[in-house]
$ cat query.txt   # compact mmCIF, N, CA and C atoms
# COMPACT_ATOMS: atom_id res chain seq x y z
N MET X 1 33.63 4.87 48.38
CA MET X 1 34.79 5.45 49.01
C MET X 1 34.61 5.39 50.53
N ARG X 2 35.58 4.81 51.20
CA ARG X 2 35.51 4.70 52.65
C ARG X 2 36.33 5.83 53.26
N ALA X 3 35.70 6.59 54.14
CA ALA X 3 36.40 7.68 54.81
C ALA X 3 36.76 7.24 56.22
N GLU X 4 38.04 7.36 56.55
CA GLU X 4 38.49 7.01 57.89
C GLU X 4 38.71 8.29 58.69
N LEU X 5 38.08 8.36 59.85
CA LEU X 5 38.20 9.52 60.72
C LEU X 5 39.36 9.30 61.68
N HIS X 6 40.38 10.16 61.60
CA HIS X 6 41.56 10.04 62.46
C HIS X 6 41.48 10.94 63.68
N LEU X 7 40.72 12.03 63.60
CA LEU X 7 40.65 12.99 64.69
C LEU X 7 39.35 13.77 64.58
N ASN X 8 38.71 14.04 65.70
CA ASN X 8 37.51 14.87 65.72
C ASN X 8 37.55 15.73 66.98
N ARG X 9 38.12 16.92 66.89
CA ARG X 9 38.23 17.84 68.03
C ARG X 9 37.02 18.77 68.00
N VAL X 10 36.42 19.00 69.14
CA VAL X 10 35.21 19.81 69.22
C VAL X 10 35.44 20.96 70.21
N LEU X 11 34.98 22.14 69.80
CA LEU X 11 34.99 23.32 70.65
C LEU X 11 33.57 23.84 70.72
N TYR X 12 33.30 24.73 71.67
CA TYR X 12 31.97 25.32 71.77
C TYR X 12 32.06 26.76 72.24
N LYS X 13 30.98 27.49 71.98
CA LYS X 13 30.77 28.80 72.57
C LYS X 13 29.28 29.04 72.62
N ILE X 14 28.88 29.88 73.54
CA ILE X 14 27.48 30.26 73.62
C ILE X 14 27.40 31.71 73.20
N PRO X 15 26.89 31.97 71.99
CA PRO X 15 26.82 33.33 71.48
C PRO X 15 25.91 34.19 72.37
N PRO X 16 26.14 35.52 72.38
CA PRO X 16 25.27 36.41 73.16
C PRO X 16 23.80 36.23 72.77
N PHE X 17 22.96 36.22 73.74
CA PHE X 17 21.51 36.12 73.57
C PHE X 17 21.06 34.78 72.98
N ALA X 18 21.92 33.78 73.01
CA ALA X 18 21.55 32.46 72.49
C ALA X 18 21.32 31.51 73.65
N MET X 19 20.43 30.57 73.44
CA MET X 19 20.14 29.58 74.48
C MET X 19 20.90 28.27 74.24
N LYS X 20 21.37 28.07 73.01
CA LYS X 20 22.08 26.84 72.68
C LYS X 20 23.52 27.18 72.28
N ALA X 21 24.39 26.24 72.56
CA ALA X 21 25.79 26.40 72.19
C ALA X 21 25.97 26.23 70.68
N LEU X 22 27.02 26.84 70.18
CA LEU X 22 27.46 26.64 68.81
C LEU X 22 28.74 25.82 68.90
N TYR X 23 28.84 24.78 68.08
CA TYR X 23 29.99 23.88 68.11
C TYR X 23 30.84 24.07 66.86
N ARG X 24 32.13 23.99 67.05
CA ARG X 24 33.10 24.05 65.95
C ARG X 24 33.87 22.73 65.99
N GLN X 25 33.87 22.03 64.87
CA GLN X 25 34.56 20.75 64.80
C GLN X 25 35.71 20.83 63.82
N ILE X 26 36.81 20.24 64.25
CA ILE X 26 38.01 20.17 63.43
C ILE X 26 38.36 18.69 63.33
N ALA X 27 38.18 18.15 62.15
CA ALA X 27 38.34 16.71 61.96
C ALA X 27 39.41 16.43 60.91
N VAL X 28 40.09 15.29 61.07
CA VAL X 28 41.03 14.81 60.06
C VAL X 28 40.42 13.54 59.49
N VAL X 29 40.20 13.58 58.18
CA VAL X 29 39.56 12.47 57.47
C VAL X 29 40.50 11.99 56.36
N GLU X 30 40.64 10.68 56.25
CA GLU X 30 41.44 10.11 55.17
C GLU X 30 40.50 9.57 54.10
N GLN X 31 40.67 10.11 52.90
CA GLN X 31 39.95 9.58 51.75
C GLN X 31 41.03 9.21 50.74
N GLU X 32 41.10 9.86 49.58
CA GLU X 32 42.24 9.63 48.69
C GLU X 32 43.48 10.34 49.23
N GLN X 33 43.24 11.37 50.02
CA GLN X 33 44.29 12.14 50.66
C GLN X 33 43.82 12.46 52.07
N PHE X 34 44.63 13.17 52.82
CA PHE X 34 44.25 13.53 54.19
C PHE X 34 43.63 14.92 54.16
N GLN X 35 42.47 15.04 54.78
CA GLN X 35 41.74 16.30 54.79
C GLN X 35 41.54 16.77 56.22
N VAL X 36 41.76 18.07 56.42
CA VAL X 36 41.34 18.71 57.65
C VAL X 36 40.01 19.39 57.30
N ARG X 37 38.96 19.00 57.99
CA ARG X 37 37.62 19.53 57.73
C ARG X 37 37.17 20.33 58.94
N ILE X 38 36.77 21.59 58.70
CA ILE X 38 36.37 22.50 59.77
C ILE X 38 34.96 22.97 59.48
N PHE X 39 34.08 22.80 60.46
CA PHE X 39 32.69 23.24 60.27
C PHE X 39 32.05 23.55 61.61
N GLU X 40 30.94 24.29 61.56
CA GLU X 40 30.21 24.69 62.76
C GLU X 40 28.77 24.26 62.66
N GLY X 41 28.15 24.08 63.82
CA GLY X 41 26.74 23.70 63.86
C GLY X 41 26.22 23.71 65.28
N ARG X 42 24.95 23.46 65.43
CA ARG X 42 24.29 23.45 66.74
C ARG X 42 24.31 22.08 67.41
N VAL X 43 24.83 21.07 66.70
CA VAL X 43 24.89 19.71 67.22
C VAL X 43 26.29 19.15 66.96
N VAL X 44 26.82 18.42 67.92
CA VAL X 44 28.11 17.76 67.73
C VAL X 44 27.90 16.54 66.84
N GLN X 45 28.66 16.47 65.76
CA GLN X 45 28.55 15.35 64.84
C GLN X 45 29.58 14.29 65.21
N THR X 46 29.14 13.04 65.28
CA THR X 46 30.04 11.94 65.61
C THR X 46 30.11 10.89 64.50
N ASN X 47 29.20 10.93 63.56
CA ASN X 47 29.17 9.96 62.47
C ASN X 47 30.28 10.27 61.46
N PRO X 48 31.27 9.39 61.31
CA PRO X 48 32.37 9.66 60.38
C PRO X 48 31.92 9.93 58.95
N LYS X 49 30.89 9.24 58.50
CA LYS X 49 30.39 9.45 57.14
C LYS X 49 29.84 10.87 56.99
N PHE X 50 29.09 11.33 57.97
CA PHE X 50 28.54 12.68 57.92
C PHE X 50 29.68 13.71 57.94
N ILE X 51 30.66 13.50 58.80
CA ILE X 51 31.79 14.43 58.90
C ILE X 51 32.54 14.49 57.57
N ALA X 52 32.78 13.34 56.96
CA ALA X 52 33.53 13.27 55.70
C ALA X 52 32.79 13.89 54.53
N GLU X 53 31.46 13.94 54.61
CA GLU X 53 30.66 14.44 53.49
C GLU X 53 30.04 15.81 53.76
N ARG X 54 30.34 16.41 54.89
CA ARG X 54 29.75 17.71 55.26
C ARG X 54 30.04 18.72 54.15
N SER X 55 28.99 19.22 53.49
CA SER X 55 29.16 20.06 52.31
C SER X 55 29.63 21.48 52.63
N ASN X 56 29.33 21.98 53.82
CA ASN X 56 29.72 23.36 54.12
C ASN X 56 31.01 23.44 54.93
N ALA X 57 31.78 22.39 54.95
CA ALA X 57 33.04 22.39 55.69
C ALA X 57 34.14 23.07 54.89
N GLU X 58 35.01 23.77 55.62
CA GLU X 58 36.26 24.23 55.02
C GLU X 58 37.15 23.01 54.95
N VAL X 59 37.78 22.78 53.80
CA VAL X 59 38.60 21.58 53.63
C VAL X 59 40.02 21.99 53.23
N ARG X 60 40.98 21.42 53.94
CA ARG X 60 42.40 21.62 53.63
C ARG X 60 43.00 20.26 53.34
N ILE X 61 43.73 20.15 52.24
CA ILE X 61 44.30 18.88 51.79
C ILE X 61 45.77 18.80 52.20
N HIS X 62 46.17 17.62 52.68
CA HIS X 62 47.57 17.38 53.07
C HIS X 62 48.02 16.04 52.52
N PRO X 63 49.31 15.92 52.17
CA PRO X 63 49.81 14.66 51.63
C PRO X 63 50.06 13.59 52.68
N THR X 64 50.26 14.00 53.95
CA THR X 64 50.54 13.00 55.00
C THR X 64 49.61 13.20 56.19
N LEU X 65 49.44 12.13 56.95
CA LEU X 65 48.62 12.19 58.16
C LEU X 65 49.24 13.14 59.17
N LYS X 66 50.55 13.10 59.32
CA LYS X 66 51.22 13.98 60.29
C LYS X 66 50.95 15.45 59.99
N GLU X 67 51.06 15.84 58.72
CA GLU X 67 50.80 17.24 58.35
C GLU X 67 49.35 17.62 58.64
N ALA X 68 48.42 16.73 58.36
CA ALA X 68 47.00 17.00 58.63
C ALA X 68 46.75 17.13 60.13
N LEU X 69 47.33 16.23 60.92
CA LEU X 69 47.15 16.30 62.37
C LEU X 69 47.77 17.56 62.95
N ASP X 70 48.94 17.95 62.45
CA ASP X 70 49.58 19.18 62.90
C ASP X 70 48.72 20.40 62.56
N ASP X 71 48.17 20.43 61.35
CA ASP X 71 47.30 21.53 60.93
C ASP X 71 46.05 21.59 61.80
N ALA X 72 45.45 20.45 62.07
CA ALA X 72 44.24 20.41 62.90
C ALA X 72 44.54 20.90 64.32
N GLU X 73 45.66 20.48 64.87
CA GLU X 73 46.03 20.91 66.23
C GLU X 73 46.29 22.41 66.27
N SER X 74 46.94 22.93 65.25
CA SER X 74 47.20 24.36 65.15
C SER X 74 45.88 25.14 65.07
N GLU X 75 44.97 24.67 64.24
CA GLU X 75 43.65 25.31 64.11
C GLU X 75 42.89 25.27 65.42
N PHE X 76 42.97 24.16 66.14
CA PHE X 76 42.30 24.02 67.43
C PHE X 76 42.84 25.06 68.41
N LYS X 77 44.15 25.19 68.49
CA LYS X 77 44.77 26.17 69.40
C LYS X 77 44.44 27.60 69.00
N GLN X 78 44.45 27.89 67.70
CA GLN X 78 44.12 29.23 67.22
C GLN X 78 42.67 29.57 67.52
N SER X 79 41.78 28.60 67.41
CA SER X 79 40.37 28.84 67.69
C SER X 79 40.18 29.23 69.15
N ILE X 80 40.90 28.57 70.03
CA ILE X 80 40.80 28.88 71.45
C ILE X 80 41.39 30.27 71.72
N ALA X 81 42.53 30.57 71.12
CA ALA X 81 43.24 31.83 71.40
C ALA X 81 42.55 33.05 70.80
N SER X 82 42.11 32.95 69.56
CA SER X 82 41.63 34.15 68.88
C SER X 82 40.12 34.29 68.75
N GLU X 83 39.40 33.20 68.81
CA GLU X 83 37.97 33.27 68.56
C GLU X 83 37.12 33.01 69.80
N LYS X 84 37.76 32.83 70.93
CA LYS X 84 37.06 32.63 72.20
C LYS X 84 36.27 31.33 72.25
N TRP X 85 36.72 30.31 71.54
CA TRP X 85 36.11 28.99 71.61
C TRP X 85 36.68 28.27 72.82
N GLU X 86 35.91 27.36 73.39
CA GLU X 86 36.34 26.55 74.53
C GLU X 86 36.36 25.08 74.11
N PRO X 87 37.34 24.31 74.58
CA PRO X 87 37.33 22.87 74.29
C PRO X 87 36.07 22.24 74.88
N TYR X 88 35.46 21.35 74.12
CA TYR X 88 34.23 20.68 74.54
C TYR X 88 34.55 19.29 75.07
N ASP X 89 34.02 18.99 76.24
CA ASP X 89 34.15 17.66 76.85
C ASP X 89 32.74 17.13 77.05
N PRO X 90 32.34 16.09 76.31
CA PRO X 90 30.96 15.60 76.44
C PRO X 90 30.61 15.12 77.85
N ALA X 91 31.62 14.79 78.65
CA ALA X 91 31.35 14.37 80.02
C ALA X 91 31.02 15.57 80.92
N LEU X 92 31.39 16.76 80.48
CA LEU X 92 31.12 17.98 81.24
C LEU X 92 30.42 18.98 80.32
N PRO X 93 29.11 18.86 80.11
CA PRO X 93 28.40 19.77 79.20
C PRO X 93 28.59 21.23 79.61
N PRO X 94 28.61 22.14 78.62
CA PRO X 94 28.89 23.55 78.88
C PRO X 94 27.73 24.30 79.53
N PHE X 95 26.62 23.65 79.82
CA PHE X 95 25.45 24.36 80.36
C PHE X 95 25.24 24.02 81.79

$ encode --input "query.txt" --output "structure tokens"
Amino acid sequence: MRAELHLNRVLYKIPPFAMKALYRQIAVVEQEQFQVRIFEGRVVQTNPKFIAERSNAEVRIHPTLKEALDDAESEFKQSIASEKWEPYDPALPPF
């Protein structure tokens, strides 16, 4: 099964008393259907295969790419607004 990665949005935060950032990734992956996959970790994942197979990800299924992209964008905005996450730009590290 080939997984195609359509979107990989990354946010970060530095928890109190932590030395390393925590990253939240919101990805849209196409397999048999379109999936929005949401997961957190201490490292930004860029490998599409790893993102598509991440076992501890929250997964939401959508019938179309547009619906999946809209859901991912909504989740990204909600994460910034309610959970105090910041958009991550690899060119400007958060430290």

$ closest_residue --input "query.txt" --among "X:Ile51, X:Val43, X:Ala81, X:Val59" --to "Ala21 of chain X" --atoms "all atoms listed in the file"
X:Val43

$ residues_near_point --input "query.txt" --point "(27.2, 22.9, 64.0)" --cutoff "8 Å" --atoms "only C-alpha atoms" --output "CSV table (one decimal) with N, CA and C atoms, in the frame of the given file"
chain,number,residue,atom,x,y,z
X,22,LEU,N,27.0,26.8,70.2
X,22,LEU,CA,27.5,26.6,68.8
X,22,LEU,C,28.7,25.8,68.9
X,23,TYR,N,28.8,24.8,68.1
X,23,TYR,CA,30.0,23.9,68.1
X,23,TYR,C,30.8,24.1,66.9
X,24,ARG,N,32.1,24.0,67.0
X,24,ARG,CA,33.1,24.0,66.0
X,24,ARG,C,33.9,22.7,66.0
X,25,GLN,N,33.9,22.0,64.9
X,25,GLN,CA,34.6,20.8,64.8
X,25,GLN,C,35.7,20.8,63.8
X,39,PHE,N,34.1,22.8,60.5
X,39,PHE,CA,32.7,23.2,60.3
X,39,PHE,C,32.0,23.6,61.6
X,40,GLU,N,30.9,24.3,61.6
X,40,GLU,CA,30.2,24.7,62.8
X,40,GLU,C,28.8,24.3,62.7
X,41,GLY,N,28.2,24.1,63.8
X,41,GLY,CA,26.7,23.7,63.9
X,41,GLY,C,26.2,23.7,65.3
X,42,ARG,N,25.0,23.5,65.4
X,42,ARG,CA,24.3,23.4,66.7
X,42,ARG,C,24.3,22.1,67.4
X,43,VAL,N,24.8,21.1,66.7
X,43,VAL,CA,24.9,19.7,67.2
X,43,VAL,C,26.3,19.2,67.0
X,44,VAL,N,26.8,18.4,67.9
X,44,VAL,CA,28.1,17.8,67.7
X,44,VAL,C,27.9,16.5,66.8
X,45,GLN,N,28.7,16.5,65.8
X,45,GLN,CA,28.6,15.4,64.8
X,45,GLN,C,29.6,14.3,65.2

$ closest_residue --input "query.txt" --among "X:Lys77, X:Thr46, X:Glu30, X:Glu83" --to "Leu5 of chain X" --atoms "all atoms listed in the file"
X:Glu30

$ residues_around --input "query.txt" --residues "Pro63 of chain X" --least-positions-apart "4" --cutoff "8 Å" --atoms "all atoms listed in the file" --output "list in words"
Gln33, Phe34, Gln35, Glu67 and Ala68 of chain X

$ select_by_dssp --input "query.txt" --residues "segment 29-64 of chain X" --states "alpha helix (DSSP H)" --output "PyMOL selection string"
chain X and resi 48-53

$ write_last_selection --input "query.txt" --atoms "N, CA and C atoms" --output "mmCIF file, keeping the file's coordinate frame"
data_model
loop_
_atom_site.group_PDB
_atom_site.id
_atom_site.type_symbol
_atom_site.label_atom_id
_atom_site.label_comp_id
_atom_site.auth_asym_id
_atom_site.auth_seq_id
_atom_site.Cartn_x
_atom_site.Cartn_y
_atom_site.Cartn_z
ATOM 1 N N PRO X 48 31.270 9.390 61.310
ATOM 2 C CA PRO X 48 32.370 9.660 60.380
ATOM 3 C C PRO X 48 31.920 9.930 58.950
ATOM 4 N N LYS X 49 30.890 9.240 58.500
ATOM 5 C CA LYS X 49 30.390 9.450 57.140
ATOM 6 C C LYS X 49 29.840 10.870 56.990
ATOM 7 N N PHE X 50 29.090 11.330 57.970
ATOM 8 C CA PHE X 50 28.540 12.680 57.920
ATOM 9 C C PHE X 50 29.680 13.710 57.940
ATOM 10 N N ILE X 51 30.660 13.500 58.800
ATOM 11 C CA ILE X 51 31.790 14.430 58.900
ATOM 12 C C ILE X 51 32.540 14.490 57.570
ATOM 13 N N ALA X 52 32.780 13.340 56.960
ATOM 14 C CA ALA X 52 33.530 13.270 55.700
ATOM 15 C C ALA X 52 32.790 13.890 54.530
ATOM 16 N N GLU X 53 31.460 13.940 54.610
ATOM 17 C CA GLU X 53 30.660 14.440 53.490
ATOM 18 C C GLU X 53 30.040 15.810 53.760
#

$ residues_around --input "query.txt" --residues "Ser79 of chain X" --least-positions-apart "3" --cutoff "12 Å" --atoms "only C-alpha atoms" --output "PyMOL selection string"
chain X and resi 9-13+23-26+38+72-76+82-87

$ closest_residue --input "query.txt" --among "X:Val36, X:Lys49, X:Ala18, X:Ala27" --to "Ala3 of chain X" --atoms "all atoms listed in the file"
X:Lys49

$ atom_distance --input "query.txt" --atom1 "atom N of Asn56 of chain X" --atom2 "atom CA of Pro16 of chain X"
24.5 Å

$ atom_distance --input "query.txt" --atom1 "atom CA of Asp70 of chain X" --atom2 "atom CA of Pro90 of chain X"
23.3 Å

$ atom_distance --input "query.txt" --atom1 "atom C of Thr64 of chain X" --atom2 "atom CA of Phe50 of chain X"
21.1 Å

$ select_by_dssp --input "query.txt" --residues "chain X" --states "strand (DSSP E)" --output "PyMOL selection string"
chain X and resi 4-13+22-30+34-41+58-62+86-87

$ closest_residue --input "query.txt" --among "X:Glu4, X:Ile61, X:Asp71, X:Lys66" --to "Pro48 of chain X" --atoms "all atoms listed in the file"
X:Glu4

$ closest_residue --input "query.txt" --among "X:Asn47, X:Leu7, X:Arg37, X:Tyr88" --to "His62 of chain X" --atoms "only C-alpha atoms"
X:Arg37

$ build_atoms --input "query.txt" --residues "segment 33-44 of chain X" --atoms "all heavy atoms" --output "tab-separated table (two decimals), keeping the file's coordinate frame"
chain	number	residue	atom	x	y	z
X	33	GLN	N	43.24	11.37	50.02
X	33	GLN	CA	44.29	12.14	50.66
X	33	GLN	C	43.82	12.46	52.07
X	33	GLN	O	42.74	12.07	52.47
X	33	GLN	CB	44.58	13.43	49.87
X	33	GLN	CG	43.43	14.43	49.84
X	33	GLN	CD	42.31	14.10	48.86
X	33	GLN	OE1	42.53	13.41	47.89
X	33	GLN	NE2	41.11	14.55	49.14
X	34	PHE	N	44.63	13.17	52.82
X	34	PHE	CA	44.25	13.53	54.19
X	34	PHE	C	43.63	14.92	54.16
X	34	PHE	O	44.19	15.84	53.59
X	34	PHE	CB	45.47	13.50	55.11
X	34	PHE	CG	46.06	12.12	55.22
X	34	PHE	CD1	47.12	11.74	54.43
X	34	PHE	CD2	45.51	11.19	56.10
X	34	PHE	CE1	47.65	10.46	54.52
X	34	PHE	CE2	46.04	9.91	56.19
X	34	PHE	CZ	47.11	9.55	55.40
X	35	GLN	N	42.47	15.04	54.78
X	35	GLN	CA	41.74	16.30	54.79
X	35	GLN	C	41.54	16.77	56.22
X	35	GLN	O	41.18	15.99	57.09
X	35	GLN	CB	40.35	16.13	54.16
X	35	GLN	CG	40.35	15.64	52.75
X	35	GLN	CD	38.93	15.41	52.24
X	35	GLN	OE1	37.96	15.49	52.99
X	35	GLN	NE2	38.82	15.13	50.96
X	36	VAL	N	41.76	18.07	56.42
X	36	VAL	CA	41.34	18.71	57.65
X	36	VAL	C	40.01	19.39	57.30
X	36	VAL	O	39.95	20.20	56.39
X	36	VAL	CB	42.37	19.75	58.15
X	36	VAL	CG1	41.83	20.50	59.35
X	36	VAL	CG2	43.68	19.06	58.49
X	37	ARG	N	38.96	19.00	57.99
X	37	ARG	CA	37.62	19.53	57.73
X	37	ARG	C	37.17	20.33	58.94
X	37	ARG	O	37.19	19.84	60.05
X	37	ARG	CB	36.65	18.40	57.41
X	37	ARG	CG	37.12	17.55	56.21
X	37	ARG	CD	36.18	16.43	55.87
X	37	ARG	NE	34.91	16.91	55.38
X	37	ARG	CZ	34.66	17.31	54.13
X	37	ARG	NH1	35.62	17.30	53.23
X	37	ARG	NH2	33.47	17.70	53.77
X	38	ILE	N	36.77	21.59	58.70
X	38	ILE	CA	36.37	22.50	59.77
X	38	ILE	C	34.96	22.97	59.48
X	38	ILE	O	34.68	23.47	58.38
X	38	ILE	CB	37.32	23.71	59.84
X	38	ILE	CG1	38.77	23.23	60.01
X	38	ILE	CG2	36.91	24.67	60.95
X	38	ILE	CD1	39.81	24.29	59.74
X	39	PHE	N	34.08	22.80	60.46
X	39	PHE	CA	32.69	23.24	60.27
X	39	PHE	C	32.05	23.55	61.61
X	39	PHE	O	32.53	23.16	62.66
X	39	PHE	CB	31.88	22.19	59.50
X	39	PHE	CG	31.86	20.83	60.14
X	39	PHE	CD1	30.85	20.48	61.02
X	39	PHE	CD2	32.86	19.91	59.88
X	39	PHE	CE1	30.83	19.23	61.62
X	39	PHE	CE2	32.84	18.65	60.46
X	39	PHE	CZ	31.83	18.32	61.34
X	40	GLU	N	30.94	24.29	61.56
X	40	GLU	CA	30.21	24.69	62.76
X	40	GLU	C	28.77	24.26	62.66
X	40	GLU	O	28.23	24.09	61.57
X	40	GLU	CB	30.29	26.21	62.93
X	40	GLU	CG	31.69	26.71	63.15
X	40	GLU	CD	31.81	28.22	63.19
X	40	GLU	OE1	30.76	28.92	63.23
X	40	GLU	OE2	32.94	28.71	63.21
X	41	GLY	N	28.15	24.08	63.82
X	41	GLY	CA	26.74	23.70	63.86
X	41	GLY	C	26.22	23.71	65.28
X	41	GLY	O	26.97	23.90	66.24
X	42	ARG	N	24.95	23.46	65.43
X	42	ARG	CA	24.29	23.45	66.74
X	42	ARG	C	24.31	22.08	67.41
X	42	ARG	O	23.87	21.93	68.54
X	42	ARG	CB	22.84	23.93	66.61
X	42	ARG	CG	22.69	25.35	66.18
X	42	ARG	CD	22.99	26.26	67.32
X	42	ARG	NE	22.85	27.65	66.89
X	42	ARG	CZ	23.32	28.65	67.57
X	42	ARG	NH1	23.94	28.45	68.70
X	42	ARG	NH2	23.20	29.87	67.13
X	43	VAL	N	24.83	21.07	66.70
X	43	VAL	CA	24.89	19.71	67.22
X	43	VAL	C	26.29	19.15	66.96
X	43	VAL	O	26.85	19.37	65.89
X	43	VAL	CB	23.83	18.82	66.51
X	43	VAL	CG1	23.93	17.38	66.97
X	43	VAL	CG2	22.43	19.37	66.72
X	44	VAL	N	26.82	18.42	67.92
X	44	VAL	CA	28.11	17.76	67.73
X	44	VAL	C	27.90	16.54	66.84
X	44	VAL	O	27.04	15.71	67.12
X	44	VAL	CB	28.72	17.33	69.08
X	44	VAL	CG1	30.00	16.53	68.87
X	44	VAL	CG2	29.00	18.55	69.96
